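Have a look at the structure below, then the notes.
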Amino acid sequence: MKRIMTFVALTLAIIILLGQATVSAAQIRDLTVTPRIADTETMFTFTLTYAGDAPPDEILVMIGDEARSMEELDKTDTNYSDGKQFYLSTRLEKGSYVCFFKTTVGD
């Protein structure tokens with residue numbers, strides 16, 4: 001099996017685009033990717049918590065140069081102000097990756 005590594009720039013690679021002053025409290029926290037090193041058959045899971053006054057228009061994880069949409073972990077949770085978890089599970093090709101998280105709010 002081919003082994004792959006993911007290098008995730010979690011602290012410096014957070015992009016939040018805000019469209020309205022009322023959603024200025026939006027934040028992304030609790031960023032994780034597991035596992036950090038695996039083979040091409042392994043499922044990688046990216047997670048984060050979004051908190052804000054309004055729901056996000058989208059939350060993406062950029063893996064290398066590819067944008068992938070993250071999904072709500074609990075679709076019945078409609079309270080964004082206390083934090084709502086999002087995730088993406090995917091396999092990756094052999095290589096090293098820098099990952100960025102991006103959300104837009106109030107488009």
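Just so we're on the same page: first chain in the structure tokens is A, next is B, and so on; residues restart at 1 for each chain, and ligands are numbered from 1 in the order they show up.
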- Find the residues around stretch 57-61 of chain A up to 6 Å (only C-alpha atoms counted), leave out those fewer than 3 positions away in its own chain, and share them as a ChimeraX atom specification. /A:67-70,100-105
- Query: With distances taken over only C-alpha atoms, which of A:Gly106, A:Pro56, A:Val33, A:Met43 is nearest to A:Asn79?
  - Reply: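 Ranked by minimum distance to A:Asn79, first place goes to A:Pro56.
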- So, counting only C-alpha atoms, which residue among A:Met62, A:Ala54, A:Ala26, A:Val98 is closest to A:Thr78? A:Ala54
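Counting from atom CA of A:Gly52, the distance to atom CA of A:Leu31 is 15.9 Å.
Non-sequential neighbours of A:Leu73 (distance at most 8 Å, separation of 4 or more positions within a chain, only C-alpha atoms) are Lys84, Gln85, Phe86 and Tyr87 of chain A.
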- Task: Work out how far apart atom CA of A:Glu93 and atom CA of A:Glu66 are and give it in Å to one decimal.
- Result: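 Computing the Euclidean distance for atom CA of A:Glu93 and atom CA of A:Glu66 yields 12.4 Å.
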